[in-house]
$ cat model33.cif   # mmCIF, C-alpha atoms and all ligand atoms
data_coords
#
loop_
_atom_site.label_atom_id
_atom_site.label_comp_id
_atom_site.auth_asym_id
_atom_site.auth_seq_id
_atom_site.Cartn_x
_atom_site.Cartn_y
_atom_site.Cartn_z
CA MET A 1334 -74.16 286.16 -10.81
CA SER A 1335 -71.51 287.77 -13.03
CA VAL A 1336 -69.11 284.84 -13.44
CA SER A 1337 -69.77 282.66 -16.50
CA LYS A 1338 -72.03 279.66 -15.90
CA ALA A 1339 -69.57 277.40 -17.70
CA VAL A 1340 -66.64 278.42 -15.50
CA THR A 1341 -68.78 278.22 -12.35
CA GLU A 1342 -69.79 274.66 -13.27
CA THR A 1343 -66.22 273.65 -14.12
CA MET A 1344 -64.97 275.06 -10.83
CA LYS A 1345 -67.49 272.89 -9.00
CA ARG A 1346 -66.08 269.84 -10.78
CA ALA A 1347 -62.59 270.81 -9.64
CA SER A 1348 -63.66 271.55 -6.07
CA TRP A 1349 -62.06 268.42 -4.60
CA ILE A 1350 -58.67 270.07 -5.13
CA ARG A 1351 -59.79 273.07 -3.11
CA LYS A 1352 -61.38 270.83 -0.48
CA MET A 1353 -58.14 268.88 -0.06
CA PHE A 1354 -56.20 272.11 0.21
CA GLU A 1355 -58.60 273.61 2.77
CA HIS A 1356 -58.70 270.41 4.79
CA GLY A 1357 -54.88 270.34 4.82
CA MET A 1358 -54.75 273.96 6.02
CA GLU A 1359 -57.14 273.17 8.88
CA LEU A 1360 -55.10 270.16 9.94
CA LYS A 1361 -51.85 272.11 9.79
CA LYS A 1362 -53.39 274.80 12.01
CA LYS A 1363 -54.57 272.18 14.47
CA TYR A 1364 -51.49 269.94 14.66
CA GLY A 1365 -48.72 272.25 13.45
CA GLU A 1366 -47.23 272.27 9.94
CA LYS A 1367 -44.53 269.68 10.76
CA ASN A 1368 -47.02 267.17 12.08
CA VAL A 1369 -49.13 266.93 8.93
CA TYR A 1370 -47.71 264.82 6.09
CA ASP A 1371 -48.82 266.36 2.84
CA LEU A 1372 -48.49 264.03 -0.16
CA THR A 1373 -51.00 265.84 -2.36
CA LEU A 1374 -48.91 268.17 -4.50
CA GLY A 1375 -46.81 267.30 -7.54
CA ASN A 1376 -44.39 270.14 -6.83
CA PRO A 1377 -40.84 268.90 -7.53
CA MET A 1378 -38.63 269.18 -4.42
CA VAL A 1379 -35.33 268.02 -5.89
CA GLU A 1380 -33.30 271.16 -6.53
CA PRO A 1381 -32.23 272.04 -10.09
CA PRO A 1382 -28.78 270.74 -11.12
CA GLU A 1383 -25.74 272.94 -10.35
CA ALA A 1384 -25.41 273.67 -14.08
CA PHE A 1385 -28.75 275.50 -13.93
CA LYS A 1386 -27.51 277.99 -11.32
CA LYS A 1387 -24.27 278.53 -13.23
CA ARG A 1388 -26.21 279.17 -16.42
CA LEU A 1389 -28.57 281.61 -14.66
CA LEU A 1390 -25.56 283.75 -13.78
CA GLU A 1391 -24.13 283.54 -17.30
CA VAL A 1392 -27.41 284.65 -18.86
CA ALA A 1393 -27.96 287.37 -16.26
CA THR A 1394 -24.62 288.96 -17.10
CA MET A 1395 -24.91 288.82 -20.91
CA GLU A 1396 -24.09 292.19 -22.40
CA GLU A 1397 -25.87 292.13 -25.79
CA LYS A 1398 -28.63 294.61 -26.41
CA GLY A 1399 -32.23 293.50 -27.05
CA LEU A 1400 -32.19 290.42 -24.86
CA HIS A 1401 -35.56 291.21 -23.32
CA ARG A 1402 -37.57 292.17 -26.38
CA TYR A 1403 -40.42 290.46 -28.22
CA MET A 1404 -39.31 287.69 -30.55
CA PRO A 1405 -40.91 285.36 -33.12
CA ASN A 1406 -43.87 283.63 -31.41
CA VAL A 1407 -42.21 280.21 -31.81
CA GLY A 1408 -39.21 281.32 -29.73
CA TYR A 1409 -35.47 281.77 -30.29
CA GLU A 1410 -34.00 279.86 -33.22
CA ASP A 1411 -30.93 278.68 -31.28
CA THR A 1412 -32.98 277.34 -28.33
CA ARG A 1413 -35.36 275.51 -30.69
CA LYS A 1414 -32.33 274.04 -32.48
CA ALA A 1415 -30.89 272.82 -29.15
CA VAL A 1416 -34.22 271.22 -28.18
CA ALA A 1417 -34.60 269.57 -31.61
CA GLU A 1418 -31.05 268.21 -31.60
CA ALA A 1419 -31.33 266.82 -28.07
CA LEU A 1420 -34.62 265.04 -28.88
CA ASP A 1421 -33.30 263.76 -32.18
CA ARG A 1422 -30.36 262.10 -30.44
CA ASP A 1423 -33.04 259.82 -28.93
CA PHE A 1424 -35.59 259.64 -31.73
CA LYS A 1425 -33.50 259.94 -34.92
CA ILE A 1426 -36.39 261.17 -37.06
CA GLY A 1427 -34.78 264.23 -38.62
CA LEU A 1428 -36.01 266.92 -36.21
CA ASN A 1429 -34.84 270.49 -36.70
CA SER A 1430 -35.63 273.86 -35.13
CA GLY A 1431 -38.57 274.31 -37.52
CA HIS A 1432 -40.48 271.54 -35.75
CA VAL A 1433 -40.22 273.15 -32.30
CA VAL A 1434 -42.38 275.83 -30.65
CA MET A 1435 -41.06 277.02 -27.28
CA THR A 1436 -43.94 277.31 -24.81
CA VAL A 1437 -44.94 278.45 -21.33
CA GLY A 1438 -44.60 274.99 -19.76
CA ALA A 1439 -46.17 271.74 -20.97
CA ALA A 1440 -49.59 273.21 -20.12
CA SER A 1441 -49.28 275.84 -22.84
CA ALA A 1442 -47.84 273.26 -25.27
CA LEU A 1443 -50.97 271.14 -24.71
CA ASN A 1444 -53.31 274.10 -25.11
CA ILE A 1445 -51.78 275.34 -28.37
CA SER A 1446 -51.83 271.78 -29.74
CA VAL A 1447 -55.49 271.27 -28.89
CA LYS A 1448 -56.50 274.75 -30.06
CA SER A 1449 -54.68 274.25 -33.38
CA LEU A 1450 -56.37 270.90 -34.10
CA VAL A 1451 -59.98 270.94 -32.92
CA ASP A 1452 -63.16 272.44 -34.25
CA PRO A 1453 -66.13 272.69 -31.85
CA GLY A 1454 -67.64 269.24 -31.38
CA ASP A 1455 -64.47 267.31 -32.29
CA GLU A 1456 -63.62 264.64 -29.75
CA ILE A 1457 -60.51 264.16 -27.65
CA ILE A 1458 -59.83 260.75 -26.14
CA ILE A 1459 -58.48 261.08 -22.61
CA ILE A 1460 -57.09 257.95 -20.97
CA ALA A 1461 -58.25 257.38 -17.38
CA PRO A 1462 -56.74 257.66 -14.85
CA PHE A 1463 -55.73 261.09 -16.16
CA PHE A 1464 -54.06 264.38 -15.27
CA PRO A 1465 -57.25 266.33 -14.38
CA GLU A 1466 -56.31 269.45 -16.36
CA TYR A 1467 -56.80 267.62 -19.69
CA ARG A 1468 -60.55 267.91 -19.32
CA PHE A 1469 -60.32 271.65 -18.81
CA TYR A 1470 -57.95 272.02 -21.78
CA ALA A 1471 -60.44 270.15 -24.01
CA GLN A 1472 -63.22 272.39 -22.75
CA ASN A 1473 -61.12 275.54 -23.31
CA HIS A 1474 -61.26 274.90 -27.04
CA GLY A 1475 -64.79 273.57 -27.48
CA ALA A 1476 -63.78 269.92 -27.82
CA GLU A 1477 -65.83 267.03 -26.44
CA GLU A 1478 -64.00 264.70 -24.11
CA ARG A 1479 -64.29 260.94 -24.38
CA ILE A 1480 -62.84 259.08 -21.43
CA VAL A 1481 -61.31 255.67 -22.14
CA GLU A 1482 -60.20 253.44 -19.27
CA THR A 1483 -56.82 251.72 -19.08
CA THR A 1484 -56.54 248.06 -18.10
CA SER A 1485 -56.66 247.33 -14.37
CA ASP A 1486 -52.85 247.60 -14.24
CA PHE A 1487 -53.04 251.02 -15.94
CA ARG A 1488 -51.73 249.90 -19.37
CA LEU A 1489 -53.22 251.22 -22.60
CA ASN A 1490 -56.31 249.27 -23.57
CA ILE A 1491 -56.01 249.37 -27.34
CA ASN A 1492 -59.32 247.58 -27.93
CA GLU A 1493 -61.16 250.11 -25.80
CA ILE A 1494 -59.48 252.97 -27.67
CA LYS A 1495 -60.46 251.33 -30.96
CA ASN A 1496 -64.08 250.99 -29.80
CA ASN A 1497 -64.19 254.69 -29.00
CA LEU A 1498 -62.84 256.01 -32.28
CA ASN A 1499 -65.46 257.65 -34.49
CA SER A 1500 -65.81 260.25 -37.19
CA LYS A 1501 -65.36 263.08 -34.66
CA THR A 1502 -62.17 261.80 -33.00
CA LYS A 1503 -59.36 264.29 -33.53
CA ILE A 1504 -56.85 263.77 -30.70
CA ILE A 1505 -55.76 261.13 -28.23
CA ILE A 1506 -53.85 262.59 -25.30
CA LEU A 1507 -51.29 260.15 -23.88
CA ASN A 1508 -49.12 260.71 -20.84
CA SER A 1509 -46.16 258.47 -20.06
CA PRO A 1510 -44.49 258.28 -17.56
CA ASN A 1511 -47.92 258.78 -16.13
CA ASN A 1512 -49.39 261.10 -13.57
CA PRO A 1513 -51.06 259.70 -11.42
CA THR A 1514 -49.98 256.03 -11.86
CA GLY A 1515 -46.22 256.20 -12.55
CA VAL A 1516 -46.72 253.63 -15.35
CA ILE A 1517 -44.65 253.80 -18.55
CA TYR A 1518 -46.53 252.62 -21.64
CA SER A 1519 -44.74 250.02 -23.77
CA ARG A 1520 -43.40 250.34 -27.28
CA ASN A 1521 -45.56 247.41 -28.22
CA ASP A 1522 -48.72 249.24 -27.11
CA TYR A 1523 -47.73 252.27 -29.16
CA GLU A 1524 -47.13 250.10 -32.21
CA GLU A 1525 -50.57 248.52 -31.87
CA LEU A 1526 -52.17 251.90 -31.36
CA ALA A 1527 -50.35 253.34 -34.39
CA GLN A 1528 -51.66 250.46 -36.51
CA CYS A 1529 -55.17 251.00 -35.21
CA LEU A 1530 -55.06 254.74 -36.01
CA SER A 1531 -53.66 254.09 -39.47
CA ASP A 1532 -56.49 251.61 -40.14
CA HIS A 1533 -58.98 254.20 -38.91
CA LYS A 1534 -57.57 256.77 -41.32
CA HIS A 1535 -57.67 254.26 -44.12
CA SER A 1536 -61.35 253.53 -43.57
CA THR A 1537 -62.63 257.03 -42.66
CA GLY A 1538 -60.09 259.41 -44.21
CA ARG A 1539 -59.75 261.09 -40.77
CA THR A 1540 -56.38 261.73 -39.18
CA VAL A 1541 -56.27 261.21 -35.43
CA TYR A 1542 -53.33 263.00 -33.80
CA ILE A 1543 -51.60 261.73 -30.70
CA VAL A 1544 -50.69 264.56 -28.35
CA SER A 1545 -48.03 262.97 -26.19
CA ASP A 1546 -47.63 264.78 -22.88
CA GLU A 1547 -44.16 263.87 -21.59
CA PRO A 1548 -42.99 266.24 -18.85
CA TYR A 1549 -41.74 263.19 -16.86
CA ARG A 1550 -39.77 261.81 -19.83
CA LYS A 1551 -36.51 261.87 -17.88
CA ILE A 1552 -37.91 260.88 -14.47
CA VAL A 1553 -37.53 257.13 -15.01
CA TYR A 1554 -36.20 254.42 -12.70
CA SER A 1555 -34.55 252.02 -15.13
CA ASP A 1556 -31.54 252.48 -17.40
CA LYS A 1557 -33.76 252.50 -20.46
CA ARG A 1558 -35.50 255.65 -21.58
CA ALA A 1559 -39.30 255.67 -21.77
CA PRO A 1560 -40.61 254.82 -25.26
CA SER A 1561 -42.61 257.56 -26.94
CA PRO A 1562 -45.34 257.48 -29.61
CA PHE A 1563 -43.34 260.31 -31.19
CA GLU A 1564 -40.87 257.75 -32.56
CA ILE A 1565 -43.59 255.38 -33.76
CA TYR A 1566 -46.69 257.21 -35.01
CA GLN A 1567 -46.36 259.82 -37.71
CA ASN A 1568 -49.16 262.14 -36.55
CA THR A 1569 -47.78 262.93 -33.12
CA ILE A 1570 -47.12 266.18 -31.29
CA LEU A 1571 -44.78 265.87 -28.32
CA CYS A 1572 -45.49 268.29 -25.46
CA SER A 1573 -43.02 268.63 -22.63
CA SER A 1574 -41.29 271.03 -20.29
CA HIS A 1575 -38.37 271.44 -17.94
CA ALA A 1576 -40.67 271.57 -14.91
CA LYS A 1577 -39.68 268.11 -13.70
CA ASP A 1578 -36.38 267.25 -15.41
CA LEU A 1579 -34.71 270.49 -14.30
CA GLY A 1580 -37.00 270.99 -11.29
CA ILE A 1581 -38.14 274.47 -12.38
CA PRO A 1582 -41.97 274.37 -12.73
CA GLY A 1583 -42.32 277.96 -11.55
CA GLU A 1584 -40.16 279.21 -14.42
CA ARG A 1585 -42.77 278.07 -16.98
CA ILE A 1586 -40.58 276.85 -19.82
CA GLY A 1587 -41.53 274.03 -22.16
CA PHE A 1588 -41.96 273.10 -25.79
CA ALA A 1589 -44.25 271.47 -28.36
CA VAL A 1590 -42.66 269.49 -31.20
CA VAL A 1591 -44.42 268.43 -34.38
CA ARG A 1592 -43.23 265.18 -35.90
CA PRO A 1593 -41.66 265.63 -39.35
CA GLY A 1594 -43.95 264.36 -42.10
CA CYS A 1595 -47.14 264.51 -40.04
CA ASP A 1596 -50.36 265.40 -41.85
CA GLY A 1597 -50.54 269.14 -42.51
CA GLU A 1598 -47.09 269.64 -40.94
CA ASP A 1599 -46.36 273.22 -42.10
CA LEU A 1600 -49.88 274.51 -41.51
CA LEU A 1601 -49.94 272.87 -38.09
CA ILE A 1602 -46.69 274.53 -36.99
CA ASN A 1603 -47.95 277.90 -38.25
CA ALA A 1604 -51.24 277.33 -36.40
CA MET A 1605 -49.40 276.58 -33.17
CA ALA A 1606 -47.31 279.75 -33.55
CA PHE A 1607 -50.54 281.68 -34.13
CA CYS A 1608 -52.29 280.08 -31.15
CA ILE A 1609 -49.47 280.75 -28.68
CA ARG A 1610 -49.97 284.39 -29.66
CA THR A 1611 -53.76 284.50 -29.59
CA LEU A 1612 -54.10 282.51 -26.37
CA GLY A 1613 -52.15 285.35 -24.82
CA PHE A 1614 -48.88 283.58 -24.03
CA VAL A 1615 -47.24 285.48 -26.96
CA ASN A 1616 -43.93 283.62 -26.52
CA ALA A 1617 -42.10 281.51 -23.94
CA PRO A 1618 -40.09 283.54 -21.38
CA ALA A 1619 -36.99 284.97 -23.09
CA PHE A 1620 -34.63 284.58 -20.14
CA MET A 1621 -35.54 280.93 -19.57
CA GLN A 1622 -35.23 280.10 -23.26
CA ARG A 1623 -31.61 281.28 -23.08
CA VAL A 1624 -31.02 279.37 -19.86
CA VAL A 1625 -32.33 275.99 -21.02
CA LYS A 1626 -30.59 276.24 -24.40
CA THR A 1627 -27.40 274.77 -22.92
CA LEU A 1628 -29.08 272.43 -20.41
CA GLN A 1629 -30.77 269.93 -22.69
CA ASP A 1630 -28.67 267.04 -21.37
CA GLU A 1631 -29.05 267.97 -17.68
CA THR A 1632 -31.48 266.25 -15.29
CA VAL A 1633 -32.22 266.50 -11.56
CA ALA A 1634 -30.93 263.68 -9.33
CA VAL A 1635 -33.60 261.05 -10.10
CA GLU A 1636 -31.98 258.78 -7.50
CA ILE A 1637 -33.49 260.96 -4.76
CA TYR A 1638 -37.00 260.26 -6.07
CA ARG A 1639 -36.23 256.56 -6.42
CA LYS A 1640 -35.35 256.28 -2.71
CA LYS A 1641 -38.58 257.99 -1.71
CA ARG A 1642 -40.61 255.77 -4.05
CA ASP A 1643 -39.02 252.63 -2.57
CA ARG A 1644 -39.66 253.66 1.03
CA LEU A 1645 -43.30 254.53 0.46
CA TYR A 1646 -43.93 251.49 -1.72
CA GLN A 1647 -42.50 249.17 0.95
CA ALA A 1648 -44.60 250.85 3.64
CA LEU A 1649 -47.72 250.32 1.54
CA GLN A 1650 -46.83 246.67 0.99
CA LYS A 1651 -46.31 246.15 4.72
CA ALA A 1652 -49.68 247.76 5.35
CA GLY A 1653 -51.24 245.31 2.87
CA ILE A 1654 -52.26 248.08 0.47
CA GLU A 1655 -52.13 246.95 -3.17
CA CYS A 1656 -50.07 249.16 -5.44
CA ILE A 1657 -48.35 248.98 -8.81
CA MET A 1658 -44.66 249.82 -8.59
CA PRO A 1659 -44.17 253.11 -10.49
CA GLU A 1660 -41.57 253.02 -13.25
CA GLY A 1661 -41.36 256.78 -13.62
CA ALA A 1662 -42.72 260.22 -12.54
CA PHE A 1663 -43.13 260.73 -8.79
CA TYR A 1664 -46.55 259.36 -7.85
CA LEU A 1665 -47.99 256.16 -6.40
CA PHE A 1666 -51.58 255.24 -7.16
CA PRO A 1667 -52.55 252.48 -4.67
CA LYS A 1668 -55.86 250.71 -4.41
CA SER A 1669 -57.97 252.15 -1.63
CA PRO A 1670 -58.59 249.53 1.10
CA ASP A 1671 -62.05 251.10 1.44
CA LYS A 1672 -64.06 250.93 -1.81
CA ASP A 1673 -64.95 254.56 -1.20
CA ASP A 1674 -61.66 256.33 -1.92
CA LYS A 1675 -62.90 259.64 -0.48
CA LYS A 1676 -63.75 257.93 2.79
CA PHE A 1677 -60.31 256.34 2.92
CA VAL A 1678 -58.56 259.61 2.13
CA ASN A 1679 -60.53 261.20 5.00
CA LYS A 1680 -59.35 258.40 7.27
CA LEU A 1681 -55.76 259.08 6.22
CA ALA A 1682 -56.32 262.77 6.94
CA GLU A 1683 -57.55 261.87 10.45
CA ASN A 1684 -54.12 260.28 10.80
CA ARG A 1685 -52.52 263.47 9.44
CA VAL A 1686 -51.55 262.06 6.02
CA LEU A 1687 -52.90 264.05 3.08
CA ALA A 1688 -53.56 262.17 -0.17
CA VAL A 1689 -55.82 262.76 -3.19
CA PRO A 1690 -58.81 260.48 -3.96
CA GLY A 1691 -58.53 258.56 -7.23
CA SER A 1692 -61.95 259.90 -8.28
CA GLY A 1693 -60.23 263.21 -9.02
CA PHE A 1694 -58.15 261.42 -11.68
CA GLY A 1695 -61.09 259.51 -13.14
CA ARG A 1696 -60.43 256.23 -11.30
CA ALA A 1697 -62.38 255.76 -8.08
CA GLY A 1698 -61.25 253.14 -5.56
CA HIS A 1699 -57.66 254.43 -5.61
CA PHE A 1700 -55.73 257.31 -4.13
CA ARG A 1701 -52.67 259.26 -5.23
CA LEU A 1702 -49.55 259.86 -3.16
CA SER A 1703 -46.92 262.30 -4.46
CA TYR A 1704 -43.47 261.46 -3.21
CA CYS A 1705 -41.82 264.64 -4.45
CA CYS A 1706 -41.72 265.90 -0.88
CA ASP A 1707 -39.08 266.12 1.86
CA ASP A 1708 -37.91 263.10 3.87
CA HIS A 1709 -39.66 264.28 7.01
CA THR A 1710 -43.01 264.00 5.18
CA ILE A 1711 -42.13 260.55 3.80
CA ASP A 1712 -41.01 259.38 7.30
CA GLY A 1713 -44.26 260.60 8.87
CA ALA A 1714 -46.41 258.96 6.17
CA VAL A 1715 -44.47 255.67 6.42
CA GLU A 1716 -45.07 255.64 10.19
CA VAL A 1717 -48.81 256.18 9.68
CA PHE A 1718 -49.06 253.43 7.02
CA GLU A 1719 -47.20 251.03 9.30
CA LYS A 1720 -49.62 251.88 12.09
CA LEU A 1721 -52.65 251.43 9.81
C1 LIG B 1801 -49.06 264.97 -16.68
C2 LIG B 1801 -48.76 266.43 -16.61
N1 LIG B 1801 -48.87 267.16 -17.73
C3 LIG B 1801 -48.62 268.47 -17.72
C4 LIG B 1801 -48.25 269.13 -16.57
C5 LIG B 1801 -48.01 270.60 -16.62
O1 LIG B 1801 -46.62 270.83 -16.71
P1 LIG B 1801 -46.04 272.31 -16.77
O2 LIG B 1801 -45.88 272.77 -15.37
O3 LIG B 1801 -44.75 272.18 -17.50
O4 LIG B 1801 -47.02 273.15 -17.50
C6 LIG B 1801 -48.14 268.41 -15.38
C7 LIG B 1801 -47.81 269.09 -14.11
O5 LIG B 1801 -47.82 268.56 -13.05
C8 LIG B 1801 -48.41 267.02 -15.39
O6 LIG B 1801 -48.33 266.27 -14.29
#

$ encode --input "model33.cif" --output "structure tokens"
Amino acid sequence: MSVSKAVTETMKRASWIRKMFEHGMELKKKYGEKNVYDLTLGNPMVEPPEAFKKRLLEVATMEEKGLHRYMPNVGYEDTRKAVAEALDRDFKIGLNSGHVVMTVGAASALNISVKSLVDPGDEIIIIAPFFPEYRFYAQNHGAEERIVETTSDFRLNINEIKNNLNSKTKIIILNSPNNPTGVIYSRNDYEELAQCLSDHKHSTGRTVYIVSDEPYRKIVYSDKRAPSPFEIYQNTILCSSHAKDLGIPGERIGFAVVRPGCDGEDLLINAMAFCIRTLGFVNAPAFMQRVVKTLQDETVAVEIYRKKRDRLYQALQKAGIECIMPEGAFYLFPKSPDKDDKKFVNKLAENRVLAVPGSGFGRAGHFRLSYCCDDHTIDGAVEVFEKL
């Protein structure tokens, strides 16, 4: 066998994704594409705002020379300035372009953050239920993962986090609004966590960094913006992208932002610039950096997602399936009526609705539905839930 043992093993762990995909393909062949209701993928369906298309044309017709060359690894100064200024309008913590590294989506922001911070054997706390890629990102850089459960309503369990801190803890990855639950963590929870991490530093001398993964920051269903640990805890790196807020995940544009005054600030930013290079990203796409520079205040029509959330949520309620109402992102994470979530997901598939078992997100007994899909898919799924 020529493929690495480690990758072969990891692929086995991720095989449920492939199984779901293959199962979906079989069903689509059997019943026809239109008659299978696929709620598995978190692929944004709301089109980018008009301003995005206008800006694409503007950038495409720019006349200056050198627009497509290499650049500093951290990205263009003017784009980083625009990102810093837009974030600082919310956070008011004195951000400037020097705190921002433009990245190839949130995924690359997370990877350069982890790579810059961990030595082999250091631990990363991952909060379950979790975005499954976090485990692979930890593994990419030789870190040990430590899974900490949320409360039963998917809130941060500060006591559990506290119990899992030790002399090897280097990072806690947080994700709010959350994939897969749609929950938004509270400011109060962040304040408690910040206190707990400060106490830990006081007693052990070890800094624990929060890496706050916030690609759904603007996909929220109330008038208030989602709180962020970035505005509360000094040692935070914010990772985000325009995949969801502009609806352009395929364009791979995001950013990592280091909080001013965090421990080792200058060295950390230099390390992230170095890691974006050595991990082979080199720099974020030049064209997209220019495009998003002027779009920092634009967002897709969140109202479209809200309507889909409401329809599916009501259908689940009618079917007697317990579910927490998501406050953001575009996922529902209901309790599986069958204790065995895989069995229940198979039953849904027999009824031509494709969902993902909660086990894949580190919380068995649940399943995930993505409602970033067209209305036909939502209608079909609602019909099946009503029938069930
Ligand atoms: C929680 C979370 N983090 C990170 C990502 C990756 O985002 P990007 O496509 O910007 O790399 C996703 C994508 O679905 C996600 O759901």

$ closest_residue --input "model33.cif" --among "A:Arg1402, A:Lys1577, A:Lys1534, A:Arg1558" --to "ligand LIG 1801 (chain B)" --atoms "all atoms listed in the file"
A:Lys1577

$ residues_around --input "model33.cif" --residues "Glu1547 in chain A" --least-positions-apart "6" --cutoff "6 Å" --atoms "only C-alpha atoms" --output "PyMOL selection string"
chain A and resi 1508-1509+1573

$ residues_near_ligand --input "model33.cif" --ligand "ligand LIG 1801 (chain B)" --cutoff "10 Å" --atoms "only C-alpha atoms and all ligand atoms" --output "mmCIF file with C-alpha atoms, in the coordinates of the input"
data_model
loop_
_atom_site.group_PDB
_atom_site.id
_atom_site.type_symbol
_atom_site.label_atom_id
_atom_site.label_comp_id
_atom_site.auth_asym_id
_atom_site.auth_seq_id
_atom_site.Cartn_x
_atom_site.Cartn_y
_atom_site.Cartn_z
ATOM 1 C CA LEU A 1374 -48.910 268.170 -4.500
ATOM 2 C CA GLY A 1375 -46.810 267.300 -7.540
ATOM 3 C CA ASN A 1376 -44.390 270.140 -6.830
ATOM 4 C CA PRO A 1377 -40.840 268.900 -7.530
ATOM 5 C CA THR A 1436 -43.940 277.310 -24.810
ATOM 6 C CA VAL A 1437 -44.940 278.450 -21.330
ATOM 7 C CA GLY A 1438 -44.600 274.990 -19.760
ATOM 8 C CA ALA A 1439 -46.170 271.740 -20.970
ATOM 9 C CA ALA A 1440 -49.590 273.210 -20.120
ATOM 10 C CA SER A 1441 -49.280 275.840 -22.840
ATOM 11 C CA ALA A 1442 -47.840 273.260 -25.270
ATOM 12 C CA LEU A 1443 -50.970 271.140 -24.710
ATOM 13 C CA ASN A 1444 -53.310 274.100 -25.110
ATOM 14 C CA PHE A 1463 -55.730 261.090 -16.160
ATOM 15 C CA PHE A 1464 -54.060 264.380 -15.270
ATOM 16 C CA PRO A 1465 -57.250 266.330 -14.380
ATOM 17 C CA GLU A 1466 -56.310 269.450 -16.360
ATOM 18 C CA TYR A 1467 -56.800 267.620 -19.690
ATOM 19 C CA LEU A 1507 -51.290 260.150 -23.880
ATOM 20 C CA ASN A 1508 -49.120 260.710 -20.840
ATOM 21 C CA SER A 1509 -46.160 258.470 -20.060
ATOM 22 C CA PRO A 1510 -44.490 258.280 -17.560
ATOM 23 C CA ASN A 1511 -47.920 258.780 -16.130
ATOM 24 C CA ASN A 1512 -49.390 261.100 -13.570
ATOM 25 C CA PRO A 1513 -51.060 259.700 -11.420
ATOM 26 C CA SER A 1545 -48.030 262.970 -26.190
ATOM 27 C CA ASP A 1546 -47.630 264.780 -22.880
ATOM 28 C CA GLU A 1547 -44.160 263.870 -21.590
ATOM 29 C CA PRO A 1548 -42.990 266.240 -18.850
ATOM 30 C CA TYR A 1549 -41.740 263.190 -16.860
ATOM 31 C CA CYS A 1572 -45.490 268.290 -25.460
ATOM 32 C CA SER A 1573 -43.020 268.630 -22.630
ATOM 33 C CA SER A 1574 -41.290 271.030 -20.290
ATOM 34 C CA HIS A 1575 -38.370 271.440 -17.940
ATOM 35 C CA ALA A 1576 -40.670 271.570 -14.910
ATOM 36 C CA LYS A 1577 -39.680 268.110 -13.700
ATOM 37 C CA ASP A 1578 -36.380 267.250 -15.410
ATOM 38 C CA GLY A 1580 -37.000 270.990 -11.290
ATOM 39 C CA ILE A 1581 -38.140 274.470 -12.380
ATOM 40 C CA PRO A 1582 -41.970 274.370 -12.730
ATOM 41 C CA GLY A 1583 -42.320 277.960 -11.550
ATOM 42 C CA GLU A 1584 -40.160 279.210 -14.420
ATOM 43 C CA ARG A 1585 -42.770 278.070 -16.980
ATOM 44 C CA ILE A 1586 -40.580 276.850 -19.820
ATOM 45 C CA GLY A 1587 -41.530 274.030 -22.160
ATOM 46 C CA PHE A 1588 -41.960 273.100 -25.790
ATOM 47 C CA ALA A 1662 -42.720 260.220 -12.540
ATOM 48 C CA PHE A 1663 -43.130 260.730 -8.790
ATOM 49 C CA TYR A 1664 -46.550 259.360 -7.850
#

$ residues_around --input "model33.cif" --residues "Gly1661 in chain A" --least-positions-apart "2" --cutoff "6 Å" --atoms "all atoms listed in the file" --output "PyMOL selection string"
chain A and resi 1510+1515+1552-1554+1659

$ residues_near_point --input "model33.cif" --point "(-42.8, 271.5, -30.2)" --cutoff "7 Å" --atoms "all atoms listed in the file" --output "PDB file with C-alpha atoms, keeping the file's coordinate frame"
ATOM      1  CA  HIS A1432     -40.480 271.540 -35.750  1.00  0.00           C
ATOM      2  CA  VAL A1433     -40.220 273.150 -32.300  1.00  0.00           C
ATOM      3  CA  VAL A1434     -42.380 275.830 -30.650  1.00  0.00           C
ATOM      4  CA  MET A1435     -41.060 277.020 -27.280  1.00  0.00           C
ATOM      5  CA  ILE A1570     -47.120 266.180 -31.290  1.00  0.00           C
ATOM      6  CA  LEU A1571     -44.780 265.870 -28.320  1.00  0.00           C
ATOM      7  CA  CYS A1572     -45.490 268.290 -25.460  1.00  0.00           C
ATOM      8  CA  PHE A1588     -41.960 273.100 -25.790  1.00  0.00           C
ATOM      9  CA  ALA A1589     -44.250 271.470 -28.360  1.00  0.00           C
ATOM     10  CA  VAL A1590     -42.660 269.490 -31.200  1.00  0.00           C
ATOM     11  CA  VAL A1591     -44.420 268.430 -34.380  1.00  0.00           C
TER      12      VAL A1591
END

$ closest_residue --input "model33.cif" --among "A:Arg1422, A:Arg1696, A:Lys1668, A:Arg1623" --to "Glu1564 in chain A" --atoms "only C-alpha atoms"
A:Arg1422

$ residues_near_point --input "model33.cif" --point "(-35.5, 268.0, -27.0)" --cutoff "9 Å" --atoms "all atoms listed in the file" --output "MDAnalysis selection string"
chainID A and resid 1413:1423 1433 1573 1588 1590 1629:1630

$ write_last_selection --input "model33.cif" --atoms "C-alpha atoms" --output "compact mmCIF listing (two decimals), in the frame of the given file"
# COMPACT_ATOMS: atom_id res chain seq x y z
CA ARG A 1413 -35.36 275.51 -30.69
CA LYS A 1414 -32.33 274.04 -32.48
CA ALA A 1415 -30.89 272.82 -29.15
CA VAL A 1416 -34.22 271.22 -28.18
CA ALA A 1417 -34.60 269.57 -31.61
CA GLU A 1418 -31.05 268.21 -31.60
CA ALA A 1419 -31.33 266.82 -28.07
CA LEU A 1420 -34.62 265.04 -28.88
CA ASP A 1421 -33.30 263.76 -32.18
CA ARG A 1422 -30.36 262.10 -30.44
CA ASP A 1423 -33.04 259.82 -28.93
CA VAL A 1433 -40.22 273.15 -32.30
CA SER A 1573 -43.02 268.63 -22.63
CA PHE A 1588 -41.96 273.10 -25.79
CA VAL A 1590 -42.66 269.49 -31.20
CA GLN A 1629 -30.77 269.93 -22.69
CA ASP A 1630 -28.67 267.04 -21.37
